[in-house]
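Q: The structure file entry_19.txt (compact mmCIF, C-alpha atoms) is provided below.
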# COMPACT_ATOMS: atom_id res chain seq x y z
CA MET G 1 83.64 88.09 72.51
CA VAL G 2 86.30 87.96 69.83
CA LYS G 3 84.89 89.17 66.58
CA LYS G 4 85.82 87.50 63.38
CA LEU G 5 89.26 88.83 62.66
CA THR G 6 90.14 90.27 59.32
CA LYS G 7 93.48 91.48 58.12
CA GLU G 8 94.46 93.73 55.27
CA GLY G 9 97.91 92.27 54.83
CA ASN G 10 99.28 88.97 53.69
CA ARG G 11 96.87 86.77 55.57
CA ALA G 12 95.09 84.19 53.50
CA VAL G 13 91.52 84.98 52.51
CA GLY G 14 89.05 83.34 54.81
CA GLU G 15 91.52 82.96 57.63
CA SER G 16 89.90 83.59 60.99
CA GLU G 17 90.60 83.21 64.66
CA GLU G 18 89.95 79.52 64.16
CA ASP G 19 93.31 79.32 62.44
CA ILE G 20 95.09 81.01 65.32
CA ALA G 21 97.09 79.31 68.02
CA VAL G 22 97.52 81.15 71.31
CA VAL G 23 100.36 80.54 73.74
CA LEU G 24 99.67 81.80 77.24
CA ILE G 25 103.06 82.73 78.64
CA GLY G 26 103.40 82.44 82.40
CA HIS G 27 106.18 83.70 84.64
CA GLY G 28 106.95 80.29 86.12
CA SER G 29 107.39 79.57 89.80
CA LYS G 30 108.95 77.06 92.17
CA LEU G 31 105.51 76.79 93.78
CA PRO G 32 102.61 75.16 91.89
CA TYR G 33 100.18 78.11 91.84
CA ASN G 34 101.40 79.95 88.75
CA LYS G 35 101.20 76.78 86.69
CA GLU G 36 97.77 75.95 88.13
CA VAL G 37 96.37 79.39 87.36
CA LEU G 38 97.76 79.36 83.83
CA GLY G 39 96.36 75.88 83.22
CA GLU G 40 92.91 76.88 84.42
CA LEU G 41 92.92 80.10 82.37
CA ARG G 42 93.87 77.99 79.35
CA ARG G 43 91.01 75.58 80.03
CA ARG G 44 88.51 78.41 80.32
CA MET G 45 89.78 80.13 77.17
CA GLU G 46 89.49 76.83 75.35
CA MET G 47 85.86 76.55 76.42
CA ARG G 48 85.14 79.74 74.47
CA GLY G 49 85.97 77.79 71.32
CA LEU G 50 87.58 80.71 69.52
CA PHE G 51 91.02 79.42 68.66
CA LYS G 52 92.40 76.32 67.08
CA GLU G 53 94.98 75.71 69.80
CA ILE G 54 95.59 77.25 73.20
CA ARG G 55 98.71 76.23 75.04
CA VAL G 56 100.69 77.29 78.06
CA ALA G 57 104.43 77.95 78.25
CA PHE G 58 106.67 79.38 80.93
CA MET G 59 109.39 82.00 80.88
CA GLN G 60 111.35 80.18 83.57
CA LEU G 61 111.29 77.43 86.20
CA ASN G 62 108.41 75.41 84.70
CA SER G 63 108.01 73.52 81.46
CA PRO G 64 107.31 73.63 78.62
CA SER G 65 109.52 76.59 77.76
CA ILE G 66 108.36 79.29 75.37
CA GLU G 67 110.70 78.04 72.66
CA GLU G 68 109.56 74.42 73.04
CA GLU G 69 105.89 75.29 72.81
CA LEU G 70 106.29 77.64 69.84
CA ARG G 71 108.29 75.04 67.90
CA SER G 72 105.76 72.38 68.78
CA LEU G 73 102.89 74.50 67.42
CA ALA G 74 104.80 75.35 64.26
CA LYS G 75 105.70 71.72 63.69
CA ASP G 76 102.02 70.87 64.14
CA GLY G 77 101.35 73.12 61.14
CA MET G 78 100.09 76.25 62.92
CA LYS G 79 100.94 79.27 60.78
CA ASN G 80 99.48 82.03 62.92
CA ILE G 81 100.62 82.09 66.53
CA VAL G 82 99.87 84.72 69.16
CA ALA G 83 102.21 84.81 72.16
CA LEU G 84 100.25 86.30 75.05
CA PRO G 85 102.16 87.32 78.17
CA VAL G 86 99.91 86.57 81.14
CA PHE G 87 101.53 89.30 83.20
CA LEU G 88 99.86 92.16 84.98
CA ALA G 89 102.17 94.87 83.67
CA ASP G 90 105.03 95.30 81.27
CA GLY G 91 108.46 95.03 82.84
CA ALA G 92 111.88 93.56 82.13
CA HIS G 93 110.29 90.13 81.63
CA THR G 94 107.83 91.24 78.94
CA THR G 95 110.06 93.81 77.22
CA GLU G 96 113.40 91.98 77.33
CA ASP G 97 113.35 88.36 78.48
CA ILE G 98 110.31 87.05 76.59
CA PRO G 99 111.04 88.93 73.31
CA GLU G 100 114.54 87.39 73.33
CA LYS G 101 113.02 83.93 73.54
CA LEU G 102 110.48 84.71 70.82
CA LYS G 103 113.29 85.92 68.59
CA VAL G 104 115.25 82.68 68.73
CA ALA G 105 112.35 80.23 69.04
CA PHE G 106 112.32 79.19 65.39
CA GLU G 107 116.07 79.41 64.77
CA GLY G 108 117.32 76.29 63.06
CA VAL G 109 113.86 74.91 62.34
CA TRP G 110 112.64 77.29 59.60
CA ASP G 111 113.30 74.67 56.93
CA GLU G 112 111.18 72.21 58.85
CA ILE G 113 108.26 74.49 59.70
CA GLY G 114 108.23 76.63 56.57
CA ARG G 115 108.95 80.33 56.26
CA ASP G 116 105.32 81.40 56.50
CA VAL G 117 104.83 81.06 60.25
CA LYS G 118 103.65 84.35 61.70
CA LEU G 119 104.25 85.12 65.37
CA THR G 120 102.43 88.02 67.03
CA TYR G 121 103.32 89.28 70.48
CA ALA G 122 100.31 90.56 72.44
CA LYS G 123 100.20 93.07 75.29
CA PRO G 124 100.00 92.06 78.96
CA ILE G 125 96.82 92.47 81.05
CA GLY G 126 97.56 96.08 82.01
CA VAL G 127 95.10 98.60 83.36
CA ASP G 128 91.55 97.42 82.86
CA GLU G 129 88.32 98.20 84.65
CA ARG G 130 87.72 94.46 85.01
CA VAL G 131 90.92 94.19 87.04
CA VAL G 132 89.56 96.93 89.30
CA ASP G 133 86.36 94.90 89.72
CA ILE G 134 88.35 91.80 90.65
CA LEU G 135 90.50 93.70 93.16
CA LEU G 136 87.39 95.10 94.84
CA ASP G 137 86.01 91.56 95.06
CA ARG G 138 89.23 90.33 96.67
CA VAL G 139 88.97 93.03 99.34
CA LYS G 140 85.34 92.13 99.96
CA GLU G 141 86.16 88.42 100.22
CA ALA G 142 89.02 89.10 102.63
CA MET G 143 86.71 91.07 104.91
CA GLN G 144 84.01 88.41 104.79
CA GLU G 145 86.40 85.57 105.60
CA GLU G 146 87.43 87.06 108.90
CA MET R 1 80.03 96.37 93.68
CA VAL R 2 81.25 95.92 97.23
CA LYS R 3 78.32 95.37 99.52
CA LYS R 4 78.23 96.96 102.89
CA LEU R 5 80.48 94.76 104.94
CA THR R 6 79.36 93.37 108.25
CA LYS R 7 81.33 91.29 110.65
CA GLU R 8 80.29 89.03 113.48
CA GLY R 9 83.54 89.41 115.41
CA ASN R 10 85.21 92.21 117.23
CA ARG R 11 84.58 94.91 114.68
CA ALA R 12 82.86 97.99 115.97
CA VAL R 13 79.14 98.28 115.33
CA GLY R 14 78.45 100.43 112.31
CA GLU R 15 81.91 99.97 110.87
CA SER R 16 81.78 99.74 107.10
CA GLU R 17 84.04 99.70 104.11
CA GLU R 18 84.33 103.44 104.56
CA ASP R 19 86.53 102.77 107.56
CA ILE R 20 88.82 100.48 105.60
CA ALA R 21 92.17 101.39 104.12
CA VAL R 22 93.41 99.29 101.22
CA VAL R 23 97.06 98.93 100.26
CA LEU R 24 97.61 97.68 96.72
CA ILE R 25 100.86 95.75 96.85
CA GLY R 26 102.84 95.70 93.61
CA HIS R 27 105.82 93.56 92.71
CA GLY R 28 108.06 96.52 91.92
CA SER R 29 110.22 96.85 88.82
CA LYS R 30 113.26 98.67 87.51
CA LEU R 31 111.06 99.80 84.63
CA PRO R 32 108.22 102.29 85.19
CA TYR R 33 105.29 100.14 84.02
CA ASN R 34 104.51 98.24 87.21
CA LYS R 35 104.34 101.46 89.19
CA GLU R 36 102.24 103.13 86.49
CA VAL R 37 99.74 100.26 86.35
CA LEU R 38 99.44 100.13 90.14
CA GLY R 39 98.96 103.89 90.31
CA GLU R 40 96.22 103.84 87.69
CA LEU R 41 94.45 100.87 89.34
CA ARG R 42 94.57 102.81 92.61
CA ARG R 43 93.08 105.88 90.94
CA ARG R 44 90.25 103.85 89.42
CA MET R 45 89.52 102.05 92.69
CA GLU R 46 89.42 105.40 94.43
CA MET R 47 86.83 106.64 91.94
CA ARG R 48 84.48 103.91 93.17
CA GLY R 49 84.41 105.74 96.51
CA LEU R 50 84.22 102.62 98.63
CA PHE R 51 87.17 102.93 100.94
CA LYS R 52 88.57 105.63 103.17
CA GLU R 53 92.11 105.32 101.85
CA ILE R 54 93.64 103.45 98.94
CA ARG R 55 97.41 103.43 98.67
CA VAL R 56 100.11 101.67 96.71
CA ALA R 57 103.21 99.97 98.10
CA PHE R 58 105.88 97.79 96.53
CA MET R 59 107.46 94.53 97.57
CA GLN R 60 110.79 95.56 96.09
CA LEU R 61 112.64 98.03 93.86
CA ASN R 62 110.10 100.87 94.13
CA SER R 63 108.92 103.00 97.00
CA PRO R 64 107.06 103.26 99.27
CA SER R 65 107.76 99.88 100.79
CA ILE R 66 104.99 97.77 102.28
CA GLU R 67 106.21 98.49 105.81
CA GLU R 68 106.40 102.25 105.21
CA GLU R 69 102.90 102.46 103.79
CA LEU R 70 101.33 100.29 106.49
CA ARG R 71 102.95 102.33 109.26
CA SER R 72 101.89 105.54 107.58
CA LEU R 73 98.25 104.42 107.44
CA ALA R 74 98.30 103.25 111.05
CA LYS R 75 99.84 106.53 112.20
CA ASP R 76 97.11 108.33 110.29
CA GLY R 77 94.63 106.54 112.55
CA MET R 78 93.43 103.79 110.19
CA LYS R 79 92.40 100.80 112.30
CA ASN R 80 91.28 98.44 109.57
CA ILE R 81 93.78 97.83 106.79
CA VAL R 82 93.53 95.34 103.92
CA ALA R 83 96.79 94.40 102.20
CA LEU R 84 95.92 93.36 98.67
CA PRO R 85 98.60 91.64 96.60
CA VAL R 86 98.14 92.80 93.00
CA PHE R 87 99.64 89.60 91.67
CA LEU R 88 98.16 87.21 89.16
CA ALA R 89 98.83 84.06 91.15
CA ASP R 90 100.16 83.00 94.51
CA GLY R 91 103.84 82.20 94.57
CA ALA R 92 106.90 82.68 96.76
CA HIS R 93 106.28 86.45 96.77
CA THR R 94 102.72 86.25 98.08
CA THR R 95 103.16 83.27 100.42
CA GLU R 96 106.60 84.08 101.85
CA ASP R 97 108.07 87.49 101.03
CA ILE R 98 105.02 89.70 101.52
CA PRO R 99 103.72 87.92 104.67
CA GLU R 100 107.16 88.41 106.25
CA LYS R 101 106.91 92.13 105.61
CA LEU R 102 103.35 92.29 106.94
CA LYS R 103 104.48 90.48 110.08
CA VAL R 104 107.13 93.01 110.99
CA ALA R 105 105.47 96.16 109.62
CA PHE R 106 104.20 97.40 112.98
CA GLU R 107 107.08 96.17 115.12
CA GLY R 108 108.33 98.93 117.39
CA VAL R 109 105.41 101.25 116.67
CA TRP R 110 102.55 99.50 118.47
CA ASP R 111 102.71 101.98 121.34
CA GLU R 112 102.39 104.81 118.85
CA ILE R 113 99.60 103.41 116.70
CA GLY R 114 97.64 101.55 119.38
CA ARG R 115 97.08 97.84 119.73
CA ASP R 116 93.76 97.81 117.90
CA VAL R 117 95.03 98.05 114.33
CA LYS R 118 93.72 95.14 112.31
CA LEU R 119 95.58 93.99 109.20
CA THR R 120 93.90 91.61 106.74
CA TYR R 121 95.77 89.92 103.91
CA ALA R 122 93.67 89.43 100.78
CA LYS R 123 94.07 86.88 98.00
CA PRO R 124 95.74 87.66 94.65
CA ILE R 125 93.78 88.02 91.40
CA GLY R 126 93.82 84.30 90.61
CA VAL R 127 91.56 82.47 88.17
CA ASP R 128 88.64 84.64 87.20
CA GLU R 129 86.39 84.69 84.16
CA ARG R 130 87.08 88.41 83.82
CA VAL R 131 90.78 87.64 83.36
CA VAL R 132 89.80 85.25 80.58
CA ASP R 133 87.79 88.07 78.97
CA ILE R 134 90.78 90.41 79.17
CA LEU R 135 93.16 87.84 77.70
CA LEU R 136 90.81 87.26 74.77
CA ASP R 137 90.70 91.03 74.20
CA ARG R 138 94.51 91.20 74.22
CA VAL R 139 94.66 88.50 71.51
CA LYS R 140 92.04 90.35 69.47
CA GLU R 141 93.90 93.67 69.82
CA ALA R 142 97.20 92.06 68.83
CA MET R 143 95.62 90.67 65.66
CA GLN R 144 94.00 94.00 64.79
CA GLU R 145 97.20 95.99 65.26
CA GLU R 146 99.07 94.07 62.63
As structure tokens, please, write out the structure in this file.
A:
Amino acid sequence: MVKKLTKEGNRAVGESEEDIAVVLIGHGSKLPYNKEVLGELRRRMEMRGLFKEIRVAFMQLNSPSIEEELRSLAKDGMKNIVALPVFLADGAHTTEDIPEKLKVAFEGVWDEIGRDVKLTYAKPIGVDERVVDILLDRVKEAMQEE
Amino acid sequence: MVKKLTKEGNRAVGESEEDIAVVLIGHGSKLPYNKEVLGELRRRMEMRGLFKEIRVAFMQLNSPSIEEELRSLAKDGMKNIVALPVFLADGAHTTEDIPEKLKVAFEGVWDEIGRDVKLTYAKPIGVDERVVDILLDRVKEAMQEE
């Protein structure tokens, strides 16, 4: 699914997705479902065996926080971290709240983790034909359950 | 994708997905992205040609509201409406806020729309291997854009 990633820039030769840590960022909820869904998505992504670490963090209400998880990964020696907002669409959360947390996540710990940690912010789910497929399935299931 | 739907219960003989109206329920946002994504998902679902009507409504912040859109469909003569929460996971919105709106949507207009309007509440997107595929693509795209 994910091809071997190459980069023109300052990435070390031979670095691949196996060196990448992914943090799935969930909205957080007072109910357990958001955390359950994120945990199960993490488990399934992990089964693909593409990344060195896949973790879950929450914007609010649940733990670990985004900052905690990013620091933890950096302290574990991960130098290439992708923060992936598991949100359907961009909004205030993905364009304001989460970027603010990403910005300050490593403040005060740069000496400890080294200056060469790279953090990439991915896009949310967005419009995708596979989402359309899922939505059609949910309608079908709802009709069949009656 | 969606098989011809049959129902053992009180649905009219010969009724199919072509008689169904679907309302995609979005969270709503002060930014334009949620509305844009919902509108594009609606357009793509419509292209599949499976349902008689596909509309978009918002839980908050954007219009039309859930109640407005449901009443509009019922007044247009739709007797079989599926309310589909376009949310990643269940939470307070899908288990409390939206059901409250569905409950009162037809209050005061039953005489006008007839007592035989059926409203079905579908499940949110949830855990799905296709979501895992999309998330992996978002990581890949983020790495390639650097």
Q: List as a ChimeraX atom specification the protein and nucleic acid residues near range 28-30 of chain G, meaning an atom at most 12 Å away when only C-alpha atoms are counted, but skip any in the same chain fewer than 3 places from it.
A: /G:24-25,33-39,56-66,85-87,93 /R:88-95
Q: Using only C-alpha atoms, I'd like every residue of chain R that has an atom within 8 Å of chain G; please write them out as a PyMOL selection string.
A: chain R and resi 1-3+5-7+9+22+29-34+37+40-41+44-45+82+84+86-92+120-144+146
Q: Do you have the CA of Gly108 in chain R-CA of Met78 in chain R distance handy?
A: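 The value is 17.2 Å.
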Q: Please list as a list in words every residue within 7 Å of range 109-116 of chain G, counting all atoms listed in the file and excluding residues in the same chain fewer than 3 positions away.
A: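 Here the qualifying residues turn out to be Ala74, Lys75, Lys79 and Phe106 of chain G.
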Q: Grab the CA of Lys52 in chain R to CA of Asp76 in chain R distance for me, in Å with one decimal place.
A: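 Spanning CA of Lys52 in chain R to CA of Asp76 in chain R is a straight-line distance of 11.4 Å.
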Q: How many Å lie between CA of Gly77 in chain R and CA of Lys101 in chain R, rounded to one decimal?
A: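 The value is 20.2 Å.
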